[in-house]
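J.: Let me give you the structure first, and then I'll get to my questions.
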Amino acid sequence: MIDADLAIVDAAELVTVRGGAPRRGASQGDLGIIERGCLAAQDGLIVFVGDERDYRRQVRLLRKGIEIDATGRTVLPGFVDPHTHLPFAGSREREFEQRLQGAAYEEIASRGGGILATVEATRRASYDALVELGKSRLNRMLLHGTTTAEAKSGYGLTLEDELKQLRVVRALDSIHPIDLVPTFLGAHAVPRERRHERDAYVQEIVDRMIPEVAREGLARFCDVFVEEIAFTPREAERVLKAAAEHGLGLRVHADQLRDGGGAALAARLGAIAADHLEHTGEEGIRALAASGTDAVLLPGAAFFLRRRLAGLGRRLVDARVPVALGTDFNPGTCPTEAMTAILPLACLDGGLSPAEAIVAATLNAAHALGLAERVGSLEAGKEADAQVLAVPHHLHLVYHFGDSHGRTVVKRGRVVVEEGAIAGTAGGPLSGTGATDKPSGGF
Ligand code: NIG
Ligand code: FE
């Protein structure tokens, strides 16, 4: 018999997403569904996945073990969000209003708003304030089923302020159930005070910031915003090569506002992922397909900037590029923590099927963070990160959009959300951070 301290039993659909990663082409939509499915875990790791009959025969639930009845429900892996700008202060609802009245994102940025407005607010915020803000955001993520997330710096843009953001991410990772993967994004924008010496700023990233971030072990990845309003492909290459020399993995904000060769650059440098890709042309898609670089689509940012993906997901899957999905959670282009908001957009605008979108938000997203061996699917040996939805079929996740589906979330074998509410806040690691807390002046 297999001993277990947690079991989820009798699911109408147990969506395992089992099998190798990443999924591409025809296998992008391969969900590996088990009907009347059961999952058992011990000490945070999955020890059994199978049907009801085998579960009864093979698994023994320990005396203090928890059994979750998933009859009539759908069980999925916890979402992995491979692209967030988590540690920031302030909010930009006025810019949102201006954009609704016709102002362009680039225009607002060139007036000193946009990223630089959030840089000012984030520099002013204390480490403790950023940790508090981070906790409420992570709680909202958890309520929407995210159990692992990437988190970028990039609103500091000085050595000290970038380190502050990354230390906040490290603290949040240790106190909150969601696992965080830190990314250094010093090349997010040229800071206002360095606008006449951009070359010196890039050199400072290479000579001082990357070595210090690597020395303190504060980031696993380095990202660059390759765009006319940010950094050129040549500047990005300088930064990314230095990052690789210091042992950091590479990611790129590519072709978000126009096709600037970002995807091709990411492929050529062996980046683990190229993100956005709203304007990537045929050449960029071919470069990705020929490389080991994953595509991370961020349909929430496209939607929020009133741009269209127009079937981009479909084109990438057809070209056999592994597609992942993320929120791009940030105060400018996508102020939502909810992966549940992203999947419908990926289908309706990106052209993915619901099954492809689920793979993109779980196993492929884990692969885009280098974590596919640990999370992203429900298979023996992996971490027990799962969500139980009060719906009988996975299609409801996309079809009945905007609902929370009475979600229960399990992180590493522990129930952290119970039927739509954060579990065990009293005295636990989440105490004092009710999901709806909105520390003043931000969210
Ligand atoms: O991914 N594109 C660059 N960075 C963010 C936006 C950040 C902001 O507007 O504050 C993005 O969309
Ligand atoms: Fe982003």
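The way I read the labels, and the way they are meant: chains A, B, ... in the order of the structure tokens, residue 1 as the first residue of every chain, and ligand 1 as the first ligand shown, with later ones counted on from there.
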Name all residues at most 8 Å from A:Arg308 (count only C-alpha atoms; drop same-chain ones fewer than 5 positions away) and give them as a list of chain:residue names.

T.: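 Selected residues are A:Glu278, A:Ala302, A:Phe303, A:Asp349.
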
J.: Contacts of stretch 68-82 of chain A at 9 Å or less, counting only C-alpha atoms, minus same-chain residues fewer than 5 places along, as a tab-separated table (two decimals) with all heavy atoms, in the first residue's frame?

T.:
chain	number	residue	atom	x	y	z
A	6	LEU	N	-2.61	13.25	2.09
A	6	LEU	CA	-3.63	14.06	1.41
A	6	LEU	C	-4.12	13.29	0.19
A	6	LEU	O	-3.33	12.68	-0.53
A	6	LEU	CB	-3.04	15.39	0.93
A	6	LEU	CG	-4.06	16.21	0.12
A	6	LEU	CD1	-4.58	17.38	0.91
A	6	LEU	CD2	-3.49	16.68	-1.19
A	7	ALA	N	-5.44	13.32	-0.01
A	7	ALA	CA	-5.98	12.68	-1.21
A	7	ALA	C	-7.11	13.53	-1.77
A	7	ALA	O	-7.85	14.18	-1.04
A	7	ALA	CB	-6.51	11.28	-0.86
A	8	ILE	N	-7.18	13.56	-3.08
A	8	ILE	CA	-8.29	14.22	-3.78
A	8	ILE	C	-8.95	13.10	-4.57
A	8	ILE	O	-8.29	12.48	-5.42
A	8	ILE	CB	-7.78	15.34	-4.72
A	8	ILE	CG1	-6.93	16.35	-3.94
A	8	ILE	CG2	-8.95	16.03	-5.40
A	8	ILE	CD1	-6.25	17.41	-4.81
A	9	VAL	N	-10.22	12.81	-4.27
A	9	VAL	CA	-10.79	11.58	-4.82
A	9	VAL	C	-12.04	11.80	-5.66
A	9	VAL	O	-12.81	12.73	-5.44
A	9	VAL	CB	-11.11	10.56	-3.69
A	9	VAL	CG1	-9.84	10.21	-2.91
A	9	VAL	CG2	-12.16	11.09	-2.75
A	10	ASP	N	-12.16	10.92	-6.64
A	10	ASP	CA	-13.37	10.79	-7.44
A	10	ASP	C	-13.69	12.03	-8.29
A	10	ASP	O	-14.85	12.41	-8.42
A	10	ASP	CB	-14.57	10.45	-6.52
A	10	ASP	CG	-15.76	9.94	-7.32
A	10	ASP	OD1	-15.54	9.38	-8.41
A	10	ASP	OD2	-16.90	10.11	-6.86
A	11	ALA	N	-12.67	12.64	-8.86
A	11	ALA	CA	-12.92	13.81	-9.70
A	11	ALA	C	-13.63	13.40	-10.99
A	11	ALA	O	-13.30	12.38	-11.59
A	11	ALA	CB	-11.59	14.49	-10.04
A	12	ALA	N	-14.61	14.23	-11.41
A	12	ALA	CA	-15.25	13.99	-12.71
A	12	ALA	C	-14.16	13.98	-13.79
A	12	ALA	O	-14.14	13.14	-14.68
A	12	ALA	CB	-16.28	15.07	-12.99
A	13	GLU	N	-13.24	14.93	-13.67
A	13	GLU	CA	-12.06	14.97	-14.55
A	13	GLU	C	-10.83	15.30	-13.71
A	13	GLU	O	-10.81	16.35	-13.06
A	13	GLU	CB	-12.19	16.05	-15.61
A	13	GLU	CG	-13.18	15.76	-16.70
A	13	GLU	CD	-13.02	16.75	-17.87
A	13	GLU	OE1	-12.55	17.88	-17.64
A	13	GLU	OE2	-13.36	16.37	-18.98
A	14	LEU	N	-9.86	14.43	-13.75
A	14	LEU	CA	-8.55	14.76	-13.18
A	14	LEU	C	-7.66	15.10	-14.38
A	14	LEU	O	-7.30	14.22	-15.16
A	14	LEU	CB	-7.99	13.57	-12.41
A	14	LEU	CG	-6.65	13.83	-11.72
A	14	LEU	CD1	-6.84	14.65	-10.44
A	14	LEU	CD2	-5.95	12.51	-11.36
A	15	VAL	N	-7.39	16.39	-14.53
A	15	VAL	CA	-6.59	16.85	-15.68
A	15	VAL	C	-5.13	16.75	-15.26
A	15	VAL	O	-4.64	17.58	-14.49
A	15	VAL	CB	-6.97	18.30	-16.05
A	15	VAL	CG1	-6.09	18.80	-17.18
A	15	VAL	CG2	-8.45	18.38	-16.43
A	16	THR	N	-4.43	15.72	-15.74
A	16	THR	CA	-3.08	15.47	-15.23
A	16	THR	C	-2.00	16.27	-15.97
A	16	THR	O	-0.98	16.60	-15.39
A	16	THR	CB	-2.71	13.98	-15.35
A	16	THR	OG1	-2.67	13.62	-16.73
A	16	THR	CG2	-3.70	13.10	-14.60
A	17	VAL	N	-2.20	16.53	-17.28
A	17	VAL	CA	-1.16	17.11	-18.13
A	17	VAL	C	0.13	16.28	-18.02
A	17	VAL	O	1.24	16.81	-18.09
A	17	VAL	CB	-0.91	18.60	-17.80
A	17	VAL	CG1	-0.21	19.30	-18.96
A	17	VAL	CG2	-2.20	19.35	-17.50
A	36	ARG	N	-13.18	9.92	-13.09
A	36	ARG	CA	-13.22	9.37	-11.72
A	36	ARG	C	-11.80	9.27	-11.19
A	36	ARG	O	-11.36	8.26	-10.63
A	36	ARG	CB	-13.93	8.02	-11.69
A	36	ARG	CG	-15.36	8.12	-12.22
A	36	ARG	CD	-16.32	7.20	-11.51
A	36	ARG	NE	-16.37	7.44	-10.07
A	36	ARG	CZ	-17.01	6.63	-9.22
A	36	ARG	NH1	-17.59	5.54	-9.66
A	36	ARG	NH2	-17.03	6.90	-7.94
A	37	GLY	N	-11.07	10.35	-11.38
A	37	GLY	CA	-9.65	10.36	-11.06
A	37	GLY	C	-9.36	10.67	-9.60
A	37	GLY	O	-10.12	11.36	-8.93
A	38	CYS	N	-8.26	10.12	-9.12
A	38	CYS	CA	-7.83	10.35	-7.73
A	38	CYS	C	-6.35	10.70	-7.73
A	38	CYS	O	-5.58	10.27	-8.59
A	38	CYS	CB	-8.00	9.09	-6.89
A	38	CYS	SG	-9.69	8.52	-6.81
A	144	HIS	N	-6.96	32.60	-7.28
A	144	HIS	CA	-7.26	32.29	-8.68
A	144	HIS	C	-6.49	31.07	-9.17
A	144	HIS	O	-6.44	30.82	-10.37
A	144	HIS	CB	-6.97	33.51	-9.56
A	144	HIS	CG	-7.96	34.62	-9.35
A	144	HIS	ND1	-9.20	34.64	-9.94
A	144	HIS	CD2	-7.90	35.72	-8.56
A	144	HIS	CE1	-9.86	35.71	-9.55
A	144	HIS	NE2	-9.10	36.38	-8.71
A	145	GLY	N	-5.86	30.33	-8.27
A	145	GLY	CA	-5.29	29.04	-8.65
A	145	GLY	C	-3.81	29.02	-8.97
A	145	GLY	O	-3.28	27.98	-9.34
A	146	THR	N	-3.12	30.16	-8.83
A	146	THR	CA	-1.68	30.17	-9.12
A	146	THR	C	-0.91	29.65	-7.91
A	146	THR	O	-1.11	30.11	-6.79
A	146	THR	CB	-1.22	31.60	-9.47
A	146	THR	OG1	-1.89	32.01	-10.66
A	146	THR	CG2	0.28	31.67	-9.69
A	147	THR	N	0.00	28.70	-8.15
A	147	THR	CA	0.78	28.12	-7.05
A	147	THR	C	2.29	28.35	-7.23
A	147	THR	O	3.05	28.10	-6.30
A	147	THR	CB	0.50	26.62	-6.91
A	147	THR	OG1	0.55	26.01	-8.21
A	147	THR	CG2	-0.88	26.37	-6.31
A	148	THR	N	2.70	28.81	-8.40
A	148	THR	CA	4.10	29.16	-8.66
A	148	THR	C	4.11	30.38	-9.58
A	148	THR	O	3.31	30.44	-10.51
A	148	THR	CB	4.84	28.01	-9.39
A	148	THR	OG1	4.78	26.83	-8.59
A	148	THR	CG2	6.30	28.35	-9.65
A	149	ALA	N	4.98	31.35	-9.29
A	149	ALA	CA	5.01	32.53	-10.16
A	149	ALA	C	6.43	33.07	-10.29
A	149	ALA	O	7.22	32.99	-9.34
A	149	ALA	CB	4.11	33.62	-9.60
A	150	GLU	N	6.70	33.64	-11.44
A	150	GLU	CA	7.93	34.38	-11.62
A	150	GLU	C	7.69	35.80	-11.11
A	150	GLU	O	6.54	36.25	-11.07
A	150	GLU	CB	8.27	34.37	-13.13
A	150	GLU	CG	9.60	35.00	-13.50
A	150	GLU	CD	9.46	36.32	-14.22
A	150	GLU	OE1	8.39	36.97	-14.12
A	150	GLU	OE2	10.43	36.73	-14.86
A	151	ALA	N	8.75	36.50	-10.68
A	151	ALA	CA	8.60	37.87	-10.20
A	151	ALA	C	9.82	38.68	-10.61
A	151	ALA	O	10.95	38.33	-10.26
A	151	ALA	CB	8.43	37.89	-8.68
A	181	VAL	N	9.91	32.68	-8.49
A	181	VAL	CA	11.15	32.57	-9.27
A	181	VAL	C	11.58	33.99	-9.61
A	181	VAL	O	10.89	34.68	-10.36
A	181	VAL	CB	10.91	31.77	-10.57
A	181	VAL	CG1	12.19	31.69	-11.39
A	181	VAL	CG2	10.37	30.38	-10.25
A	296	VAL	N	6.10	32.86	-24.44
A	296	VAL	CA	5.19	33.16	-23.33
A	296	VAL	C	4.25	34.26	-23.80
A	296	VAL	O	4.67	35.40	-24.02
A	296	VAL	CB	5.95	33.60	-22.07
A	296	VAL	CG1	4.97	34.03	-20.98
A	296	VAL	CG2	6.85	32.48	-21.56
A	324	ALA	N	3.40	29.08	-23.74
A	324	ALA	CA	3.01	29.23	-22.33
A	324	ALA	C	2.19	30.50	-22.20
A	324	ALA	O	2.23	31.36	-23.09
A	324	ALA	CB	4.26	29.29	-21.45
A	325	LEU	N	1.46	30.63	-21.10
A	325	LEU	CA	0.66	31.82	-20.85
A	325	LEU	C	1.03	32.42	-19.50
A	325	LEU	O	1.27	31.69	-18.54
A	325	LEU	CB	-0.83	31.47	-20.79
A	325	LEU	CG	-1.53	31.12	-22.10
A	325	LEU	CD1	-2.94	30.61	-21.80
A	325	LEU	CD2	-1.59	32.35	-23.00
A	326	GLY	N	1.03	33.75	-19.42
A	326	GLY	CA	1.26	34.42	-18.14
A	326	GLY	C	0.36	35.63	-18.02
A	326	GLY	O	-0.28	36.04	-18.99
A	327	THR	N	0.33	36.21	-16.81
A	327	THR	CA	-0.49	37.41	-16.63
A	327	THR	C	0.20	38.67	-17.10
A	327	THR	O	-0.44	39.60	-17.56
A	327	THR	CB	-0.84	37.64	-15.14
A	327	THR	OG1	0.37	37.71	-14.40
A	327	THR	CG2	-1.77	36.57	-14.61
A	328	ASP	N	1.56	38.76	-16.89
A	328	ASP	CA	2.27	40.04	-17.02
A	328	ASP	C	1.80	41.02	-15.93
A	328	ASP	O	1.85	42.23	-16.13
A	328	ASP	CB	2.07	40.66	-18.41
A	328	ASP	CG	3.11	41.74	-18.72
A	328	ASP	OD1	4.11	41.82	-17.99
A	328	ASP	OD2	2.91	42.48	-19.71
A	339	MET	N	-4.75	34.39	-13.38
A	339	MET	CA	-4.56	33.57	-14.58
A	339	MET	C	-5.91	33.19	-15.19
A	339	MET	O	-6.01	32.96	-16.39
A	339	MET	CB	-3.77	32.30	-14.23
A	339	MET	CG	-2.28	32.53	-14.02
A	339	MET	SD	-1.41	33.01	-15.53
A	339	MET	CE	-1.19	31.42	-16.33
A	358	ILE	N	-4.85	25.47	-21.19
A	358	ILE	CA	-4.57	24.87	-19.87
A	358	ILE	C	-3.14	24.34	-19.83
A	358	ILE	O	-2.41	24.56	-18.86
A	358	ILE	CB	-5.61	23.77	-19.55
A	358	ILE	CG1	-6.97	24.43	-19.26
A	358	ILE	CG2	-5.16	22.93	-18.36
A	358	ILE	CD1	-8.14	23.46	-19.17
A	361	ALA	N	-0.79	27.19	-19.42
A	361	ALA	CA	-0.81	27.85	-18.10
A	361	ALA	C	-0.29	26.95	-16.99
A	361	ALA	O	-0.24	27.37	-15.83
A	361	ALA	CB	-2.23	28.29	-17.78
A	362	THR	N	0.10	25.73	-17.35
A	362	THR	CA	0.57	24.79	-16.32
A	362	THR	C	1.94	24.22	-16.71
A	362	THR	O	2.96	24.81	-16.39
A	362	THR	CB	-0.46	23.66	-16.09
A	362	THR	OG1	-0.75	23.03	-17.36
A	362	THR	CG2	-1.76	24.19	-15.50
A	363	LEU	N	1.93	23.12	-17.45
A	363	LEU	CA	3.19	22.44	-17.75
A	363	LEU	C	4.14	23.30	-18.60
A	363	LEU	O	5.34	23.38	-18.31
A	363	LEU	CB	2.91	21.10	-18.45
A	363	LEU	CG	4.15	20.24	-18.69
A	363	LEU	CD1	4.82	19.84	-17.38
A	363	LEU	CD2	3.79	18.99	-19.49
A	364	ASN	N	3.61	23.92	-19.66
A	364	ASN	CA	4.51	24.73	-20.50
A	364	ASN	C	5.01	25.97	-19.76
A	364	ASN	O	6.15	26.41	-19.96
A	364	ASN	CB	3.82	25.11	-21.81
A	364	ASN	CG	3.92	24.00	-22.85
A	364	ASN	OD1	4.31	22.88	-22.53
A	364	ASN	ND2	3.56	24.30	-24.08
A	365	ALA	N	4.18	26.52	-18.89
A	365	ALA	CA	4.63	27.67	-18.09
A	365	ALA	C	5.73	27.23	-17.13
A	365	ALA	O	6.71	27.95	-16.92
A	365	ALA	CB	3.46	28.28	-17.34
A	366	ALA	N	5.57	26.04	-16.56
A	366	ALA	CA	6.62	25.51	-15.68
A	366	ALA	C	7.92	25.33	-16.48
A	366	ALA	O	9.01	25.68	-16.01
A	366	ALA	CB	6.18	24.18	-15.07
A	368	ALA	N	8.85	26.99	-19.05
A	368	ALA	CA	9.40	28.31	-19.36
A	368	ALA	C	10.11	28.93	-18.15
A	368	ALA	O	10.76	29.97	-18.27
A	368	ALA	CB	8.30	29.24	-19.87
A	369	LEU	N	9.96	28.31	-16.98
A	369	LEU	CA	10.71	28.75	-15.79
A	369	LEU	C	11.78	27.73	-15.39
A	369	LEU	O	12.39	27.85	-14.33
A	369	LEU	CB	9.75	28.96	-14.61
A	369	LEU	CG	8.79	30.14	-14.70
A	369	LEU	CD1	7.91	30.20	-13.46
A	369	LEU	CD2	9.56	31.46	-14.88
A	375	VAL	N	6.97	20.95	-11.09
A	375	VAL	CA	5.57	21.40	-11.03
A	375	VAL	C	4.96	21.45	-12.43
A	375	VAL	O	5.63	21.18	-13.41
A	375	VAL	CB	5.46	22.80	-10.35
A	375	VAL	CG1	5.93	22.75	-8.91
A	375	VAL	CG2	6.25	23.84	-11.14
A	376	GLY	N	3.67	21.77	-12.50
A	376	GLY	CA	3.02	21.98	-13.79
A	376	GLY	C	2.17	20.82	-14.26
A	376	GLY	O	1.42	20.95	-15.22
A	377	SER	N	2.29	19.66	-13.61
A	377	SER	CA	1.43	18.53	-13.98
A	377	SER	C	1.19	17.69	-12.74
A	377	SER	O	1.88	17.83	-11.73
A	377	SER	CB	2.08	17.70	-15.09
A	377	SER	OG	3.27	17.12	-14.62
A	378	LEU	N	0.18	16.83	-12.82
A	378	LEU	CA	-0.16	15.96	-11.69
A	378	LEU	C	0.37	14.56	-12.00
A	378	LEU	O	-0.26	13.78	-12.71
A	378	LEU	CB	-1.68	15.97	-11.47
A	378	LEU	CG	-2.27	17.36	-11.21
A	378	LEU	CD1	-3.78	17.31	-11.06
A	378	LEU	CD2	-1.63	18.01	-9.97
A	384	ALA	N	2.74	18.38	-5.01
A	384	ALA	CA	1.28	18.29	-5.01
A	384	ALA	C	0.67	19.68	-5.01
A	384	ALA	O	0.25	20.20	-3.98
A	384	ALA	CB	0.80	17.47	-3.82
A	385	ASP	N	0.67	20.32	-6.19
A	385	ASP	CA	0.10	21.65	-6.39
A	385	ASP	C	-1.12	21.48	-7.28
A	385	ASP	O	-0.98	21.23	-8.48
A	385	ASP	CB	1.09	22.58	-7.09
A	385	ASP	CG	2.34	22.86	-6.27
A	385	ASP	OD1	2.42	22.38	-5.13
A	385	ASP	OD2	3.23	23.57	-6.78
A	386	ALA	N	-2.31	21.62	-6.72
A	386	ALA	CA	-3.51	21.31	-7.50
A	386	ALA	C	-4.63	22.28	-7.18
A	386	ALA	O	-4.62	22.93	-6.14
A	386	ALA	CB	-3.97	19.88	-7.21
A	387	GLN	N	-5.60	22.37	-8.08
A	387	GLN	CA	-6.81	23.15	-7.82
A	387	GLN	C	-8.02	22.29	-8.15
A	387	GLN	O	-8.02	21.55	-9.12
A	387	GLN	CB	-6.83	24.46	-8.61
A	387	GLN	CG	-6.20	24.41	-9.98
A	387	GLN	CD	-6.29	25.76	-10.71
A	387	GLN	OE1	-7.13	26.60	-10.42
A	387	GLN	NE2	-5.42	25.94	-11.68
A	388	VAL	N	-9.02	22.41	-7.28
A	388	VAL	CA	-10.26	21.65	-7.43
A	388	VAL	C	-11.36	22.66	-7.73
A	388	VAL	O	-11.60	23.58	-6.94
A	388	VAL	CB	-10.60	20.90	-6.13
A	388	VAL	CG1	-11.85	20.04	-6.32
A	388	VAL	CG2	-9.42	20.03	-5.67
A	389	LEU	N	-12.00	22.50	-8.88
A	389	LEU	CA	-13.04	23.45	-9.29
A	389	LEU	C	-14.41	22.79	-9.23
A	389	LEU	O	-14.56	21.63	-9.63
A	389	LEU	CB	-12.80	23.94	-10.73
A	389	LEU	CG	-11.40	24.43	-11.07
A	389	LEU	CD1	-11.35	24.98	-12.49
A	389	LEU	CD2	-10.96	25.52	-10.09
A	390	ALA	N	-15.40	23.56	-8.79
A	390	ALA	CA	-16.75	23.01	-8.66
A	390	ALA	C	-17.46	23.02	-10.01
A	390	ALA	O	-18.56	23.56	-10.15
A	390	ALA	CB	-17.53	23.81	-7.62
A	391	VAL	N	-16.81	22.44	-11.00
A	391	VAL	CA	-17.42	22.30	-12.33
A	391	VAL	C	-17.12	20.89	-12.82
A	391	VAL	O	-16.08	20.31	-12.47
A	391	VAL	CB	-16.86	23.34	-13.34
A	391	VAL	CG1	-17.23	24.75	-12.92
A	391	VAL	CG2	-15.33	23.21	-13.48
A	392	PRO	N	-18.00	20.31	-13.65
A	392	PRO	CA	-17.82	18.92	-14.04
A	392	PRO	C	-16.90	18.71	-15.24
A	392	PRO	O	-16.63	17.57	-15.61
A	392	PRO	CB	-19.25	18.48	-14.40
A	392	PRO	CG	-19.90	19.75	-14.87
A	392	PRO	CD	-19.28	20.88	-14.10
A	393	HIS	N	-16.41	19.79	-15.85
A	393	HIS	CA	-15.65	19.65	-17.09
A	393	HIS	C	-14.69	20.84	-17.21
A	393	HIS	O	-15.07	21.97	-16.87
A	393	HIS	CB	-16.64	19.64	-18.27
A	393	HIS	CG	-16.03	19.19	-19.55
A	393	HIS	ND1	-15.22	19.98	-20.31
A	393	HIS	CD2	-16.12	18.00	-20.21
A	393	HIS	CE1	-14.82	19.32	-21.38
A	393	HIS	NE2	-15.36	18.10	-21.35
A	394	HIS	N	-13.48	20.58	-17.72
A	394	HIS	CA	-12.48	21.66	-17.78
A	394	HIS	C	-12.91	22.82	-18.67
A	394	HIS	O	-12.42	23.93	-18.51
A	394	HIS	CB	-11.13	21.10	-18.22
A	394	HIS	CG	-11.11	20.62	-19.64
A	394	HIS	ND1	-11.44	19.32	-19.98
A	394	HIS	CD2	-10.84	21.26	-20.79
A	394	HIS	CE1	-11.35	19.18	-21.28
A	394	HIS	NE2	-11.00	20.34	-21.81
A	409	VAL	N	-7.54	25.19	-3.38
A	409	VAL	CA	-6.17	25.11	-3.90
A	409	VAL	C	-5.28	24.39	-2.90
A	409	VAL	O	-5.33	24.65	-1.70
A	409	VAL	CB	-5.59	26.52	-4.18
A	409	VAL	CG1	-4.18	26.43	-4.73
A	409	VAL	CG2	-6.49	27.30	-5.13
A	410	VAL	N	-4.49	23.48	-3.43
A	410	VAL	CA	-3.53	22.73	-2.63
A	410	VAL	C	-2.13	23.11	-3.09
A	410	VAL	O	-1.85	23.10	-4.29
A	410	VAL	CB	-3.75	21.21	-2.81
A	410	VAL	CG1	-2.62	20.41	-2.17
A	410	VAL	CG2	-5.10	20.79	-2.25
A	411	LYS	N	-1.30	23.51	-2.15
A	411	LYS	CA	0.10	23.82	-2.49
A	411	LYS	C	1.01	22.88	-1.70
A	411	LYS	O	0.96	22.86	-0.48
A	411	LYS	CB	0.42	25.28	-2.15
A	411	LYS	CG	1.90	25.65	-2.32
A	411	LYS	CD	2.32	25.58	-3.77
A	411	LYS	CE	3.83	25.77	-3.93
A	411	LYS	NZ	4.27	25.64	-5.34

J.: For the interface of chain A with ligand 1 (cut-off 7 Å, counting only C-alpha atoms and all ligand atoms), please tabulate each contacting residue of chain A alongside its nearest pair of atoms and their separation in Å to one decimal, rows sorted by chain and increasing number, as a tab-separated table.

T.:
residue	atom	partner	partner_atom_place_in_ligand_line	distance
A:Gly114	CA	ligand 1	9 (O)	5.1
A:Ile115	CA	ligand 1	10 (O)	4.0
A:Thr118	CA	ligand 1	10 (O)	6.3
A:His188	CA	ligand 1	3 (C)	6.6
A:Phe225	CA	ligand 1	3 (C)	5.9
A:His253	CA	ligand 1	2 (N)	6.4
A:Gln256	CA	ligand 1	2 (N)	6.7
A:Ala301	CA	ligand 1	12 (O)	5.9
A:Asp328	CA	ligand 1	1 (O)	5.5
A:Asn330	CA	ligand 1	10 (O)	5.7
A:Pro331	CA	ligand 1	10 (O)	5.5
A:Gly332	CA	ligand 1	9 (O)	3.6
A:Thr333	CA	ligand 1	12 (O)	4.9
A:Cys334	CA	ligand 1	12 (O)	6.9

J.: For C-alpha atoms, I'd like the residues from the last selection saved as a PDB file, in the first residue's frame.

T.:
ATOM      1  CA  GLY A 114       4.363  54.698 -17.579  1.00  0.00           C
ATOM      2  CA  ILE A 115       7.173  52.576 -16.177  1.00  0.00           C
ATOM      3  CA  THR A 118       6.031  53.298 -11.055  1.00  0.00           C
ATOM      4  CA  HIS A 188      13.303  47.671 -18.131  1.00  0.00           C
ATOM      5  CA  PHE A 225      12.672  45.004 -22.464  1.00  0.00           C
ATOM      6  CA  HIS A 253      10.298  41.140 -23.474  1.00  0.00           C
ATOM      7  CA  GLN A 256       5.406  43.853 -27.677  1.00  0.00           C
ATOM      8  CA  ALA A 301      -1.442  42.990 -21.637  1.00  0.00           C
ATOM      9  CA  ASP A 328       2.267  40.040 -17.019  1.00  0.00           C
ATOM     10  CA  ASN A 330       1.968  45.018 -13.485  1.00  0.00           C
ATOM     11  CA  PRO A 331       0.342  48.415 -12.801  1.00  0.00           C
ATOM     12  CA  GLY A 332       0.563  49.672 -16.401  1.00  0.00           C
ATOM     13  CA  THR A 333      -0.351  47.067 -18.958  1.00  0.00           C
ATOM     14  CA  CYS A 334      -2.019  44.285 -16.968  1.00  0.00           C
TER      15      CYS A 334
END

J.: Could you tell me which of A:Thr280, A:Thr232, A:Thr340, A:Thr183 comes closest to ligand 2 if we count only C-alpha atoms and all ligand atoms?

T.: A:Thr183

J.: Compare A:Leu163, A:Gly25, A:Arg18, A:Leu62 by their minimum atom-to-atom distance to A:Asp318, counting only C-alpha atoms, and give me the closest one.

T.: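 Nearest candidate to A:Asp318 out of A:Leu163, A:Gly25, A:Arg18, A:Leu62: A:Gly25.
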
J.: From a DSSP calculation on the backbone, collect every residue of stretch 52-260 of chain A in strand (DSSP E) and output the set as an MDAnalysis selection string.

T.: chainID A and resid 59:69 74:77 79:81 146:152 179:187 221:226 249:254

J.: Show me a table, sorted first by chain and then by increasing residue number, of the residues of stretch 105-187 of chain A having an atom at most 12 Å from stretch 243-247 of chain A, each with its shortest atom pair and the distance in Å to one decimal, counting only C-alpha atoms and written as JSON lines.

T.:
{"residue": "A:Thr183", "atom": "CA", "partner": "A:Ala243", "partner_atom": "CA", "distance": 11.0}
{"residue": "A:Phe184", "atom": "CA", "partner": "A:Ala243", "partner_atom": "CA", "distance": 9.4}
{"residue": "A:Leu185", "atom": "CA", "partner": "A:Ala243", "partner_atom": "CA", "distance": 10.8}
{"residue": "A:Gly186", "atom": "CA", "partner": "A:Ala243", "partner_atom": "CA", "distance": 11.1}
{"residue": "A:Ala187", "atom": "CA", "partner": "A:Ala243", "partner_atom": "CA", "distance": 11.5}

J.: For the residues in the current selection, export all heavy atoms as a compact mmCIF listing (two decimals), in the first residue's frame.

T.:
# COMPACT_ATOMS: atom_id res chain seq x y z
N THR A 183 13.49 37.25 -11.17
CA THR A 183 14.16 37.68 -12.40
C THR A 183 14.64 39.12 -12.24
O THR A 183 13.87 39.99 -11.79
CB THR A 183 13.19 37.60 -13.60
OG1 THR A 183 12.84 36.25 -13.85
CG2 THR A 183 13.81 38.19 -14.86
N PHE A 184 15.88 39.36 -12.63
CA PHE A 184 16.44 40.72 -12.60
C PHE A 184 16.11 41.42 -13.92
O PHE A 184 16.45 40.94 -15.00
CB PHE A 184 17.96 40.64 -12.41
CG PHE A 184 18.67 41.94 -12.67
CD1 PHE A 184 18.45 43.04 -11.85
CD2 PHE A 184 19.55 42.07 -13.74
CE1 PHE A 184 19.09 44.25 -12.09
CE2 PHE A 184 20.20 43.28 -13.99
CZ PHE A 184 19.98 44.36 -13.16
N LEU A 185 15.43 42.58 -13.81
CA LEU A 185 15.03 43.33 -15.02
C LEU A 185 15.52 44.78 -14.90
O LEU A 185 14.77 45.73 -15.08
CB LEU A 185 13.50 43.24 -15.19
CG LEU A 185 12.82 43.97 -16.35
CD1 LEU A 185 13.39 43.60 -17.71
CD2 LEU A 185 11.31 43.76 -16.35
N GLY A 186 16.80 44.93 -14.59
CA GLY A 186 17.37 46.29 -14.55
C GLY A 186 17.24 46.99 -15.89
O GLY A 186 17.18 48.22 -15.97
N ALA A 187 17.18 46.23 -16.98
CA ALA A 187 17.01 46.81 -18.32
C ALA A 187 15.53 46.84 -18.70
O ALA A 187 15.11 46.28 -19.71
CB ALA A 187 17.82 46.03 -19.35

J.: Would you list the contacts of A:Pro211 as a VMD selection string, taking every protein, DNA or RNA residue within 10 Å and counting only C-alpha atoms, but skipping same-chain residues closer than 2 positions in sequence?

T.: chain A and resid 205 to 209 213 to 217 242 to 243 245 to 247
